[in-house]
file structure-v7.cif (mmCIF, C-alpha atoms)
data_coords
#
loop_
_atom_site.label_atom_id
_atom_site.label_comp_id
_atom_site.auth_asym_id
_atom_site.auth_seq_id
_atom_site.Cartn_x
_atom_site.Cartn_y
_atom_site.Cartn_z
CA MET A 1 12.85 9.64 14.47
CA ASN A 2 12.57 11.54 11.19
CA LEU A 3 12.79 9.86 7.80
CA LYS A 4 16.19 11.35 6.96
CA LEU A 5 17.85 9.99 10.10
CA LYS A 6 16.11 6.63 9.74
CA PHE A 7 17.21 6.31 6.12
CA THR A 8 20.80 7.20 7.07
CA LEU A 9 20.89 4.66 9.91
CA LEU A 10 19.40 1.92 7.74
CA LEU A 11 21.89 2.53 4.94
CA CYS A 12 24.79 2.60 7.44
CA LEU A 13 23.55 -0.65 8.94
CA LEU A 14 23.31 -2.24 5.50
CA VAL A 15 26.80 -1.06 4.50
CA SER A 16 28.18 -2.18 7.86
CA VAL A 17 26.71 -5.66 7.47
CA VAL A 18 28.12 -5.96 3.95
CA LEU A 19 31.56 -4.65 4.99
CA ILE A 20 31.74 -6.86 8.08
CA SER A 21 30.68 -9.90 6.05
CA CYS A 22 33.25 -9.24 3.32
CA ILE A 23 36.06 -8.44 5.77
CA SER A 24 35.26 -11.49 7.89
CA VAL A 25 35.35 -13.77 4.86
CA ILE A 26 38.66 -12.27 3.69
CA TYR A 27 40.17 -12.56 7.17
CA LEU A 28 39.04 -16.16 7.66
CA LEU A 29 40.29 -17.16 4.21
CA TYR A 30 43.68 -15.56 4.88
CA ALA A 31 43.89 -17.14 8.34
CA ASN A 32 43.12 -20.59 6.92
CA THR A 33 45.63 -20.08 4.09
CA ARG A 34 48.35 -19.04 6.57
CA LYS A 35 47.65 -22.02 8.79
CA GLU A 36 47.61 -24.44 5.86
CA ALA A 37 50.86 -23.05 4.46
CA TYR A 38 52.58 -23.20 7.86
CA THR A 39 51.48 -26.76 8.63
CA ASN A 40 52.63 -27.82 5.15
CA ARG A 41 56.06 -26.37 5.92
CA LEU A 42 56.09 -28.23 9.25
CA TRP A 43 55.14 -31.37 7.34
CA SER A 44 58.10 -30.81 5.00
CA LYS A 45 60.29 -30.24 8.04
CA VAL A 46 59.25 -33.60 9.49
CA TRP A 47 60.03 -35.44 6.26
CA GLY A 48 63.33 -33.63 5.90
CA THR A 49 64.30 -34.59 9.44
CA TYR A 50 63.29 -38.21 8.85
CA GLN A 51 65.35 -38.35 5.65
CA HIS A 52 68.38 -36.83 7.35
CA GLU A 53 68.17 -38.93 10.51
CA PHE A 54 67.81 -42.30 8.78
CA LYS A 55 70.00 -41.44 5.78
CA ILE A 56 67.21 -41.96 3.26
CA ASP A 57 68.48 -41.44 -0.27
CA SER A 58 65.20 -40.43 -1.83
CA LEU A 59 61.70 -39.82 -0.69
CA PRO A 60 58.55 -41.14 -2.39
CA ALA A 61 57.61 -39.14 -5.49
CA ARG A 62 54.38 -37.86 -3.95
CA VAL A 63 56.18 -36.71 -0.80
CA GLN A 64 59.03 -35.18 -2.81
CA ASP A 65 56.55 -33.11 -4.87
CA GLN A 66 54.89 -31.90 -1.69
CA VAL A 67 58.21 -30.99 -0.08
CA GLU A 68 59.29 -29.05 -3.16
CA ARG A 69 55.96 -27.23 -3.26
CA TYR A 70 56.14 -26.27 0.42
CA PRO A 71 59.84 -26.10 1.39
CA ALA A 72 60.47 -25.92 5.12
CA GLY A 73 62.64 -22.81 4.88
CA TYR A 74 63.38 -20.73 7.95
CA PHE A 75 61.35 -21.20 11.14
CA ALA A 76 61.23 -19.06 14.23
CA ASP A 77 61.13 -20.98 17.52
CA VAL A 78 60.66 -24.43 15.97
CA TYR A 79 61.66 -27.83 17.27
CA VAL A 80 61.45 -31.43 16.06
CA ILE A 81 61.36 -34.56 18.20
CA GLY A 82 61.45 -38.23 17.31
CA VAL A 83 59.63 -40.84 19.39
CA ASP A 84 60.38 -44.55 19.14
CA SER A 85 58.00 -47.48 19.51
CA THR A 86 58.30 -47.40 23.30
CA GLY A 87 57.25 -43.76 23.46
CA SER A 88 60.77 -42.55 24.35
CA ILE A 89 62.25 -39.47 22.67
CA PHE A 90 65.29 -40.49 20.67
CA TYR A 91 65.72 -37.35 18.58
CA ARG A 92 65.75 -33.67 19.53
CA ASN A 93 66.45 -30.63 17.38
CA PRO A 94 67.80 -28.44 18.83
CA ASP A 95 69.78 -30.75 21.10
CA SER A 96 69.28 -28.49 24.11
CA LEU A 97 65.55 -28.75 23.79
CA PHE A 98 63.69 -29.92 26.85
CA VAL A 99 60.22 -31.18 26.08
CA LYS A 100 58.06 -33.58 27.97
CA ARG A 101 57.23 -36.96 26.55
CA PRO A 102 54.07 -36.98 24.34
CA SER A 103 51.06 -38.76 25.78
CA SER A 104 50.17 -42.25 24.64
CA GLN A 105 46.79 -41.00 23.46
CA LEU A 106 48.46 -38.44 21.16
CA LEU A 107 50.91 -41.05 19.81
CA ASP A 108 48.06 -43.47 19.09
CA GLU A 109 46.17 -40.70 17.29
CA ILE A 110 49.20 -39.95 15.09
CA LYS A 111 49.64 -43.63 14.23
CA ARG A 112 46.05 -43.90 13.00
CA ARG A 113 46.56 -41.14 10.44
CA PRO A 114 49.02 -40.49 7.61
CA SER A 115 49.59 -36.99 8.97
CA PHE A 116 48.13 -35.50 12.13
CA GLU A 117 47.88 -31.74 12.72
CA PHE A 118 47.10 -30.33 16.16
CA GLU A 119 47.54 -27.20 18.23
CA ASP A 120 49.09 -26.76 21.64
CA GLY A 121 48.31 -23.29 22.86
CA GLU A 122 49.89 -20.83 20.40
CA ARG A 123 52.05 -23.54 18.83
CA GLU A 124 51.08 -25.53 15.76
CA ASN A 125 52.19 -29.13 15.40
CA VAL A 126 52.44 -31.83 12.73
CA GLY A 127 53.02 -35.49 13.59
CA ILE A 128 53.85 -38.28 11.09
CA TYR A 129 54.15 -42.01 11.76
CA PHE A 130 56.80 -43.84 9.73
CA LYS A 131 56.00 -47.55 9.61
CA ASP A 132 59.32 -48.66 8.14
CA GLN A 133 61.21 -47.32 11.16
CA ASN A 134 58.29 -47.72 13.61
CA CYS A 135 58.77 -44.21 14.91
CA ILE A 136 57.02 -40.86 15.03
CA PHE A 137 58.42 -37.42 14.26
CA ILE A 138 56.65 -34.31 15.56
CA ALA A 139 57.46 -30.79 14.36
CA SER A 140 56.23 -27.89 16.47
CA GLY A 141 56.48 -24.17 15.77
CA TRP A 142 55.01 -20.76 16.31
CA ASP A 143 54.31 -18.84 13.09
CA LEU A 144 55.59 -15.52 14.36
CA ASN A 145 55.72 -13.81 10.96
CA GLY A 146 52.41 -15.24 9.71
CA LYS A 147 50.53 -14.32 12.86
CA GLY A 148 52.16 -10.90 12.83
CA ARG A 149 50.89 -10.33 9.30
CA LEU A 150 47.49 -11.63 10.38
CA GLU A 151 47.41 -9.14 13.25
CA LYS A 152 48.44 -6.34 10.89
CA LEU A 153 45.71 -7.40 8.47
CA ARG A 154 43.19 -7.32 11.32
CA LEU A 155 44.17 -3.74 12.17
CA ILE A 156 44.00 -2.68 8.52
CA MET A 157 40.58 -4.25 8.09
CA GLY A 158 39.34 -2.63 11.29
CA GLY A 159 40.43 0.76 9.95
CA VAL A 160 38.82 0.02 6.59
CA LEU A 161 35.60 -1.01 8.33
CA LEU A 162 35.50 2.12 10.49
CA GLY A 163 36.34 4.37 7.54
CA GLY A 164 33.78 2.62 5.35
CA ILE A 165 31.04 3.11 7.93
CA VAL A 166 31.91 6.80 8.38
CA LEU A 167 32.02 7.31 4.62
CA ALA A 168 28.75 5.40 4.18
CA ALA A 169 27.11 7.52 6.90
CA PHE A 170 28.20 10.72 5.19
CA ALA A 171 27.11 9.50 1.74
CA ALA A 172 23.81 8.24 3.16
CA PHE A 173 23.14 11.57 4.87
CA VAL A 174 23.89 13.53 1.70
CA TYR A 175 21.78 11.17 -0.43
CA ALA A 176 18.93 11.16 2.10
CA ASN A 177 19.00 14.94 2.20
CA GLN A 178 18.67 15.06 -1.59
CA ALA A 179 16.08 12.29 -1.69
CA ILE A 180 13.92 13.88 1.03
CA LYS A 181 13.90 17.33 -0.58
CA PRO A 182 10.87 16.58 -2.80
CA LEU A 183 9.02 15.22 0.26
CA VAL A 184 9.86 18.36 2.25
CA LYS A 185 8.66 20.48 -0.66
CA LEU A 186 5.52 18.37 -0.87
CA GLY A 187 4.91 18.76 2.87
CA ASN A 188 5.33 22.54 2.69
CA GLN A 189 2.86 22.76 -0.17
CA MET A 190 0.38 20.54 1.67
CA ASP A 191 0.75 22.69 4.79
CA SER A 192 -0.14 25.80 2.81
CA ILE A 193 -3.48 24.36 1.66
CA SER A 194 -6.52 25.04 3.83
CA ALA A 195 -10.28 25.27 3.45
CA ASN A 196 -9.83 28.79 2.10
CA ASN A 197 -7.65 27.85 -0.89
CA LEU A 198 -8.79 24.40 -1.99
CA LYS A 199 -8.39 25.53 -5.60
CA GLU A 200 -4.60 25.41 -5.19
CA ARG A 201 -2.87 22.30 -6.47
CA ILE A 202 0.47 20.66 -5.67
CA ASN A 203 3.29 20.39 -8.20
CA VAL A 204 6.61 18.67 -7.47
CA GLY A 205 7.97 18.96 -11.00
CA ASP A 206 10.21 16.25 -12.44
CA SER A 207 10.39 14.01 -9.37
CA TYR A 208 10.11 10.34 -8.50
CA GLU A 209 7.33 8.35 -10.16
CA GLU A 210 6.01 7.20 -6.77
CA LEU A 211 5.90 10.81 -5.55
CA LYS A 212 4.10 11.88 -8.72
CA LEU A 213 1.50 9.19 -8.02
CA ILE A 214 1.03 10.49 -4.45
CA VAL A 215 0.71 14.06 -5.73
CA SER A 216 -1.78 12.98 -8.39
CA ASN A 217 -3.90 11.15 -5.82
CA PHE A 218 -3.69 14.10 -3.42
CA ASN A 219 -4.77 16.55 -6.13
CA ASP A 220 -7.64 14.25 -7.03
CA MET A 221 -8.63 14.22 -3.36
CA LEU A 222 -8.50 18.03 -3.33
CA ASP A 223 -10.78 18.06 -6.37
CA ARG A 224 -13.27 15.85 -4.56
CA LEU A 225 -13.04 17.93 -1.38
CA ASP A 226 -13.44 21.16 -3.32
CA LYS A 227 -16.48 19.77 -5.10
CA SER A 228 -17.87 18.49 -1.81
CA PHE A 229 -17.37 21.87 -0.09
CA GLU A 230 -18.96 23.69 -3.02
CA THR A 231 -21.91 21.31 -2.92
CA GLN A 232 -22.20 21.76 0.84
CA LYS A 233 -22.05 25.55 0.58
CA SER A 234 -24.65 25.49 -2.18
CA PHE A 235 -26.79 23.13 -0.13
CA VAL A 236 -26.65 25.34 2.96
CA HIS A 237 -27.29 28.46 0.89
CA HIS A 238 -30.32 27.05 -0.89
CA ALA A 239 -31.66 25.32 2.23
CA SER A 240 -31.44 28.60 4.15
CA HIS A 241 -33.12 30.43 1.29
CA GLU A 242 -35.91 27.88 0.99
CA LEU A 243 -36.53 27.95 4.75
CA ARG A 244 -36.34 31.73 4.96
CA THR A 245 -39.04 32.26 2.33
CA PRO A 246 -41.91 30.57 4.19
CA LEU A 247 -40.68 31.95 7.53
CA ALA A 248 -40.64 35.49 6.14
CA SER A 249 -44.09 34.98 4.66
CA MET A 250 -45.42 33.65 7.96
CA LEU A 251 -43.88 36.56 9.88
CA SER A 252 -45.30 39.11 7.43
CA GLN A 253 -48.79 37.64 7.65
CA THR A 254 -48.65 37.47 11.44
CA GLU A 255 -47.51 41.11 11.77
CA SER A 256 -50.19 42.23 9.32
CA ALA A 257 -52.85 40.35 11.27
CA LEU A 258 -51.71 41.92 14.55
CA ARG A 259 -51.93 45.43 13.10
CA ARG A 260 -55.51 45.04 11.89
CA ASP A 261 -58.83 44.22 13.44
CA LEU A 262 -59.84 41.00 11.71
CA ASP A 263 -63.15 39.19 11.71
CA ASN A 264 -63.51 35.41 11.75
CA GLY A 265 -63.33 35.13 7.95
CA ASP A 266 -60.06 37.08 7.78
CA PHE A 267 -58.61 35.02 10.62
CA ASN A 268 -59.44 31.81 8.73
CA LYS A 269 -57.70 33.12 5.60
CA VAL A 270 -54.58 34.03 7.59
CA LEU A 271 -54.54 30.66 9.34
CA LEU A 272 -54.98 28.78 6.06
CA SER A 273 -52.11 30.73 4.51
CA LEU A 274 -49.94 30.04 7.56
CA LYS A 275 -50.90 26.38 7.38
CA GLU A 276 -49.80 26.23 3.74
CA ASP A 277 -46.43 27.81 4.58
CA GLN A 278 -46.00 25.44 7.50
CA GLN A 279 -46.80 22.48 5.28
CA ASN A 280 -44.15 23.67 2.80
CA MET A 281 -41.63 23.85 5.64
CA ILE A 282 -42.58 20.34 6.76
CA ASP A 283 -42.21 19.02 3.21
CA LEU A 284 -38.84 20.72 2.84
CA THR A 285 -37.63 19.42 6.20
CA ASN A 286 -38.75 15.88 5.34
CA SER A 287 -36.96 16.11 2.00
CA LEU A 288 -33.77 17.33 3.69
CA LEU A 289 -33.94 14.51 6.23
CA THR A 290 -34.50 11.97 3.46
CA LEU A 291 -31.55 13.27 1.46
CA SER A 292 -29.38 13.26 4.60
CA GLN A 293 -30.37 9.67 5.38
CA TYR A 294 -29.69 8.49 1.83
CA GLU A 295 -26.25 10.14 1.87
CA ARG A 296 -25.28 7.74 4.67
CA ILE A 297 -26.58 4.63 2.94
CA THR A 298 -24.00 2.28 1.41
CA HIS A 299 -24.19 -0.78 -0.79
CA ASN A 300 -25.16 -3.91 1.14
CA LYS A 301 -23.89 -7.24 -0.17
CA GLU A 302 -26.66 -9.03 1.71
CA TRP A 303 -29.48 -7.35 -0.25
CA ASN A 304 -31.94 -9.81 -1.77
CA VAL A 305 -32.36 -10.45 -5.47
CA ILE A 306 -35.31 -8.38 -6.71
CA ARG A 307 -37.03 -7.93 -10.05
CA LEU A 308 -36.91 -4.37 -11.35
CA ASP A 309 -40.08 -4.74 -13.41
CA GLU A 310 -42.05 -5.71 -10.30
CA ILE A 311 -40.67 -2.74 -8.37
CA LEU A 312 -41.54 -0.48 -11.30
CA TYR A 313 -45.17 -1.67 -11.41
CA GLU A 314 -45.48 -1.15 -7.64
CA ALA A 315 -44.20 2.43 -8.06
CA ILE A 316 -46.66 2.99 -10.95
CA ALA A 317 -49.56 1.80 -8.81
CA PHE A 318 -48.54 4.15 -6.02
CA VAL A 319 -48.16 7.11 -8.42
CA LYS A 320 -51.62 6.52 -9.88
CA LYS A 321 -53.11 6.76 -6.41
CA SER A 322 -51.54 10.21 -5.99
CA PHE A 323 -52.13 11.48 -9.53
CA ALA A 324 -55.35 10.11 -10.95
CA ASP A 325 -54.91 11.83 -14.34
CA ILE A 326 -51.47 10.42 -15.06
CA ASN A 327 -51.07 8.24 -18.14
CA ILE A 328 -48.23 5.69 -18.03
CA THR A 329 -47.17 3.25 -20.73
CA VAL A 330 -44.55 0.51 -20.28
CA ASP A 331 -42.73 -1.05 -23.21
CA PHE A 332 -40.20 -3.91 -23.28
CA LEU A 333 -37.59 -3.57 -26.02
CA THR A 334 -36.46 -7.15 -25.42
CA VAL A 335 -38.41 -10.11 -24.11
CA PRO A 336 -36.86 -11.39 -20.84
CA GLU A 337 -35.46 -14.88 -21.21
CA ASP A 338 -36.34 -15.85 -17.63
CA GLU A 339 -37.51 -14.30 -14.38
CA LEU A 340 -33.93 -13.40 -13.38
CA SER A 341 -33.20 -11.44 -16.55
CA LEU A 342 -34.46 -8.20 -14.97
CA SER A 343 -33.15 -8.94 -11.47
CA ILE A 344 -30.41 -7.33 -9.38
CA HIS A 345 -29.29 -7.33 -5.75
CA GLY A 346 -31.02 -4.32 -4.22
CA SER A 347 -33.34 -2.69 -1.70
CA GLU A 348 -37.03 -2.70 -2.65
CA PRO A 349 -38.00 0.43 -0.65
CA LEU A 350 -35.11 2.48 -2.03
CA LEU A 351 -35.66 1.52 -5.67
CA ARG A 352 -39.42 1.97 -5.31
CA SER A 353 -38.78 5.49 -3.98
CA ALA A 354 -36.42 6.23 -6.90
CA PHE A 355 -38.89 5.04 -9.54
CA PHE A 356 -41.71 6.94 -7.82
CA ASN A 357 -39.69 10.17 -7.92
CA LEU A 358 -38.80 9.69 -11.59
CA LEU A 359 -42.44 9.03 -12.51
CA LYS A 360 -43.64 12.01 -10.46
CA ASN A 361 -40.96 14.24 -11.98
CA ALA A 362 -41.96 13.17 -15.52
CA TYR A 363 -45.61 13.83 -14.69
CA TYR A 364 -44.98 17.32 -13.29
CA TYR A 365 -42.93 18.51 -16.25
CA SER A 366 -44.94 16.83 -19.00
CA ASP A 367 -47.23 18.94 -21.15
CA ASN A 368 -49.78 16.12 -21.55
CA LYS A 369 -49.54 14.30 -18.17
CA SER A 370 -48.15 11.22 -19.96
CA VAL A 371 -45.07 9.19 -19.10
CA GLU A 372 -43.44 6.50 -21.22
CA VAL A 373 -41.24 3.85 -19.57
CA ILE A 374 -39.01 1.61 -21.70
CA LEU A 375 -37.23 -1.46 -20.28
CA ALA A 376 -34.30 -3.02 -22.09
CA GLU A 377 -31.69 -5.58 -21.13
CA ASP A 378 -28.61 -7.13 -22.65
CA GLU A 379 -25.92 -9.49 -21.49
CA HIS A 380 -24.56 -7.08 -18.85
CA TYR A 381 -27.03 -4.28 -18.09
CA ILE A 382 -30.68 -3.57 -17.35
CA THR A 383 -31.87 -0.14 -18.51
CA LEU A 384 -35.05 1.78 -17.63
CA SER A 385 -35.85 4.96 -19.60
CA PHE A 386 -38.44 7.48 -18.34
CA LEU A 387 -39.62 9.80 -21.16
CA ASN A 388 -42.05 12.70 -21.26
CA THR A 389 -42.88 15.48 -23.67
CA GLY A 390 -42.36 19.05 -22.51
CA GLN A 391 -39.73 21.73 -22.27
CA THR A 392 -36.25 20.26 -22.48
CA LEU A 393 -33.20 21.39 -20.53
CA THR A 394 -30.21 23.37 -21.78
CA GLU A 395 -26.66 21.97 -21.57
CA THR A 396 -25.90 24.22 -18.58
CA GLU A 397 -29.02 23.00 -16.78
CA GLN A 398 -28.17 19.37 -17.58
CA SER A 399 -24.74 19.71 -15.92
CA ARG A 400 -26.37 20.90 -12.66
CA LEU A 401 -29.34 18.56 -12.74
CA PHE A 402 -28.40 16.40 -9.75
CA ILE A 403 -27.24 19.25 -7.49
CA PRO A 404 -29.58 19.73 -4.47
CA PHE A 405 -32.03 22.66 -4.80
CA PHE A 406 -31.29 23.17 -8.48
CA ARG A 407 -34.42 23.69 -10.56
CA GLY A 408 -34.48 24.18 -14.30
CA SER A 409 -36.29 26.85 -16.27
CA ASN A 410 -39.16 24.41 -16.90
CA SER A 411 -39.95 24.20 -13.17
CA GLN A 412 -41.04 27.77 -12.54
CA ARG A 413 -44.73 26.90 -12.63
CA GLU A 414 -44.37 23.84 -10.40
CA LYS A 415 -43.84 23.68 -6.66
CA GLY A 416 -40.80 21.85 -5.38
CA PHE A 417 -37.40 22.14 -3.77
CA GLY A 418 -35.06 20.49 -6.28
CA LEU A 419 -34.29 17.53 -4.01
CA GLY A 420 -36.04 14.69 -5.81
CA LEU A 421 -33.42 14.03 -8.48
CA PRO A 422 -30.44 14.21 -6.05
CA ILE A 423 -32.24 11.59 -3.93
CA VAL A 424 -32.77 9.40 -7.00
CA ASN A 425 -29.13 9.85 -8.03
CA ARG A 426 -27.94 8.74 -4.58
CA ILE A 427 -30.18 5.64 -4.59
CA VAL A 428 -28.99 4.62 -8.06
CA ASN A 429 -25.33 5.14 -7.09
CA VAL A 430 -25.79 3.03 -3.96
CA HIS A 431 -26.97 0.20 -6.23
CA LYS A 432 -23.83 0.72 -8.39
CA GLY A 433 -25.98 2.01 -11.23
CA GLU A 434 -25.91 5.16 -13.34
CA ILE A 435 -28.54 7.79 -14.15
CA THR A 436 -28.23 10.16 -17.10
CA TYR A 437 -30.37 12.78 -18.81
CA SER A 438 -30.67 13.19 -22.54
CA ILE A 439 -33.05 14.52 -25.17
CA GLN A 440 -34.47 11.68 -27.24
CA ASN A 441 -36.64 12.54 -30.23
CA GLY A 442 -37.48 15.89 -28.64
CA LYS A 443 -38.46 14.30 -25.32
CA ASN A 444 -36.91 14.48 -21.87
CA CYS A 445 -35.32 11.11 -21.11
CA PHE A 446 -33.93 9.92 -17.77
CA ARG A 447 -32.06 6.66 -18.34
CA VAL A 448 -31.20 4.44 -15.36
CA SER A 449 -28.78 1.52 -15.88
CA PHE A 450 -27.95 -1.31 -13.48
CA ALA A 451 -25.32 -3.99 -13.87
CA LYS A 452 -26.76 -7.49 -13.76
#

call {"tool": "encode", "arguments": {"input": "structure-v7.cif", "output": "structure tokens"}}
result
Amino acid sequence: MNLKLKFTLLLCLLVSVVLISCISVIYLLYANTRKEAYTNRLWSKVWGTYQHEFKIDSLPARVQDQVERYPAGYFADVYVIGVDSTGSIFYRNPDSLFVKRPSSQLLDEIKRRPSFEFEDGERENVGIYFKDQNCIFIASGWDLNGKGRLEKLRLIMGGVLLGGIVLAAFAAFVYANQAIKPLVKLGNQMDSISANNLKERINVGDSYEELKLIVSNFNDMLDRLDKSFETQKSFVHHASHELRTPLASMLSQTESALRRDLDNGDFNKVLLSLKEDQQNMIDLTNSLLTLSQYERITHNKEWNVIRLDEILYEAIAFVKKSFADINITVDFLTVPEDELSLSIHGSEPLLRSAFFNLLKNAYYYSDNKSVEVILAEDEHYITLSFLNTGQTLTETEQSRLFIPFFRGSNSQREKGFGLGLPIVNRIVNVHKGEITYSIQNGKNCFRVSFAK
């Protein structure tokens, strides 16, 4: 079932329920009013008969007011009977009326009440017990005109109900058609977007606020997808290029060796060169696998509380084993109040790997093999800054710093694949932190911030 039809049916159902409820209330109120008015007239008829039969000069004031308010008037097919204390009928109007004697149970019920109303099939009846004469008068009639009007009202209301539902269905269909138009337009625009035109964006103009929110979220999603596809294309392009370079070198060296007669010394040189290219391929493959693994890592609420300063010192010790000539200084801008001041929920291996990469990166691109680390903390954040002297990056290079395989102009003399910083960025993001690059007092500065 499409949305237009469903909306039309729901609106018709709602209108039908409202119409049926209103019409039912009106009909029931009219039916009760008719019955009350008719029984009041029968009541007046009974009192009028009693007054006439027993030659009563005047009725009680309360009764007289009621009789004047609801005069008996003309009745169709009405009769009145009087029953004495023995249960025998002593009065009939009309005289030719033949009616069976009322049951003792009915007579007792009338005596217990000032006025007793009851129905006998289609006929409505009112019985009154008069204590002064110890008798009962019963008026019975069939409200031909009232029930005829009630039947006519029922037909009119049925027609109104049917017409109202048809009109509501038409109005609902027209309104649904107008209301769904922006959604149809939105669907057509969405259908036209594919992987080949992710730059295209949806615009529904001056439409519903909810639809504008959907369009805004969808366009934001397209932005993220476009960025993701561009990153993926760049990743594949650079990965292919980086893999092709050592493979081409290995192929060239192998073909050259096959064309020449080489002695043992030449063979060793070729094998060493091939080994170096193979090692580069292994390093690149390992880096790609690491980046791929870290892309799948998510924040874990069950991580232990760890101290960042301890992880930093472990990373420093590991770096010094790999680079004996590195010079690292650590400064604390603020003195920690307690052992938890520099603590967060995190993964020790991941953060150790991130700090190791930042230290190694600062070492490679420093002009004096020195790295300065500054720790600072406030009420909400813990910040680690990694600084080194050397060639700084341009604004264009800074904007592409965390893209896989990107390498700045200061990296031409150093080996690498441009995967270290993307790995660090992913680890920091997993820990709900932030990493930024800036130039501080002429130095390269990578600042990593974690929420406490």

call {"tool": "resolve_selection", "arguments": {"input": "structure-v7.cif", "expression": "the PyMOL selection byres ((chain A and resi 159-167) around 8)", "output": "PyMOL selection string"}}
result
chain A and resi 12+15-16+19-20+23+155-158+168-171

call {"tool": "atom_distance", "arguments": {"input": "structure-v7.cif", "atom1": "atom CA of Phe446 of chain A", "atom2": "atom CA of Asp309 of chain A"}}
result
16.5 Å

call {"tool": "residues_around", "arguments": {"input": "structure-v7.cif", "residues": "Leu186 of chain A", "least_positions_apart": "5", "cutoff": "9 Å", "atoms": "only C-alpha atoms", "output": "ChimeraX atom specification"}}
result
/A:181,191,202-204,211,215

call {"tool": "residues_around", "arguments": {"input": "structure-v7.cif", "residues": "Asp84 of chain A", "least_positions_apart": "4", "cutoff": "12 Å", "atoms": "all atoms listed in the file", "output": "list of chain:residue names"}}
result
A:Ser88, A:Ile89, A:Phe90, A:Tyr91, A:Arg101, A:Pro102, A:Ser104, A:Leu107, A:Lys111, A:Tyr129, A:Phe130, A:Lys131, A:Asp132, A:Gln133, A:Asn134, A:Cys135, A:Ile136, A:Phe137, A:Ile138

call {"tool": "resolve_selection", "arguments": {"input": "structure-v7.cif", "expression": "the PyMOL selection byres ((chain A and resi 382-393) around 7)", "output": "VMD selection string"}}
result
chain A and resid 342 362 365 to 367 370 to 378 381 394 to 395 397 to 398 408 410 443 to 452

call {"tool": "closest_residue", "arguments": {"input": "structure-v7.cif", "among": "A:Leu262, A:Ile311, A:Ile403, A:Ile344", "to": "Lys227 of chain A", "atoms": "all atoms listed in the file"}}
result
A:Ile403

call {"tool": "residues_near_point", "arguments": {"input": "structure-v7.cif", "point": "(21.2, 4.8, 6.2)", "cutoff": "8 Å", "atoms": "only C-alpha atoms", "output": "PyMOL selection string"}}
result
chain A and resi 5-14+168-169+172-173+176

call {"tool": "atom_distance", "arguments": {"input": "structure-v7.cif", "atom1": "atom CA of Leu421 of chain A", "atom2": "atom CA of Val305 of chain A"}}
result
24.7 Å

call {"tool": "atom_distance", "arguments": {"input": "structure-v7.cif", "atom1": "atom CA of Val330 of chain A", "atom2": "atom CA of Ile316 of chain A"}}
result
9.9 Å

call {"tool": "closest_atom_pairs", "arguments": {"input": "structure-v7.cif", "of": "segment 125-179 of chain A", "to": "segment 39-56 of chain A", "cutoff": "8 Å", "atoms": "all atoms listed in the file", "output": "JSON lines"}}
result
{"residue": "A:Asn125", "atom": "CA", "partner": "A:Thr39", "partner_atom": "CA", "distance": 7.2}
{"residue": "A:Val126", "atom": "CA", "partner": "A:Trp43", "partner_atom": "CA", "distance": 6.0}
{"residue": "A:Gly127", "atom": "CA", "partner": "A:Val46", "partner_atom": "CA", "distance": 7.7}
{"residue": "A:Ile128", "atom": "CA", "partner": "A:Val46", "partner_atom": "CA", "distance": 7.3}
{"residue": "A:Phe137", "atom": "CA", "partner": "A:Val46", "partner_atom": "CA", "distance": 6.2}
{"residue": "A:Ile138", "atom": "CA", "partner": "A:Val46", "partner_atom": "CA", "distance": 6.6}
{"residue": "A:Ala139", "atom": "CA", "partner": "A:Leu42", "partner_atom": "CA", "distance": 5.9}
{"residue": "A:Ser140", "atom": "CA", "partner": "A:Leu42", "partner_atom": "CA", "distance": 7.2}
{"residue": "A:Gly141", "atom": "CA", "partner": "A:Leu42", "partner_atom": "CA", "distance": 7.7}

call {"tool": "resolve_selection", "arguments": {"input": "structure-v7.cif", "expression": "the PyMOL selection byres ((chain A and resi 142) around 10)", "output": "list of chain:residue names"}}
result
A:Tyr38, A:Phe75, A:Ala76, A:Asp77, A:Val78, A:Tyr79, A:Asp120, A:Gly121, A:Glu122, A:Arg123, A:Glu124, A:Asn125, A:Ser140, A:Gly141, A:Asp143, A:Leu144, A:Asn145, A:Gly146, A:Lys147

call {"tool": "residues_around", "arguments": {"input": "structure-v7.cif", "residues": "Tyr27 of chain A", "least_positions_apart": "3", "cutoff": "9 Å", "atoms": "all atoms listed in the file", "output": "PyMOL selection string"}}
result
chain A and resi 22-24+30-32+150+153-154+157

call {"tool": "closest_residue", "arguments": {"input": "structure-v7.cif", "among": "A:Glu255, A:Pro60, A:Asn2, A:Gln189", "to": "Asn177 of chain A", "atoms": "all atoms listed in the file"}}
result
A:Asn2

call {"tool": "closest_residue", "arguments": {"input": "structure-v7.cif", "among": "A:Gln440, A:Asn425, A:Asn357, A:Leu106", "to": "Phe118 of chain A", "atoms": "only C-alpha atoms"}}
result
A:Leu106
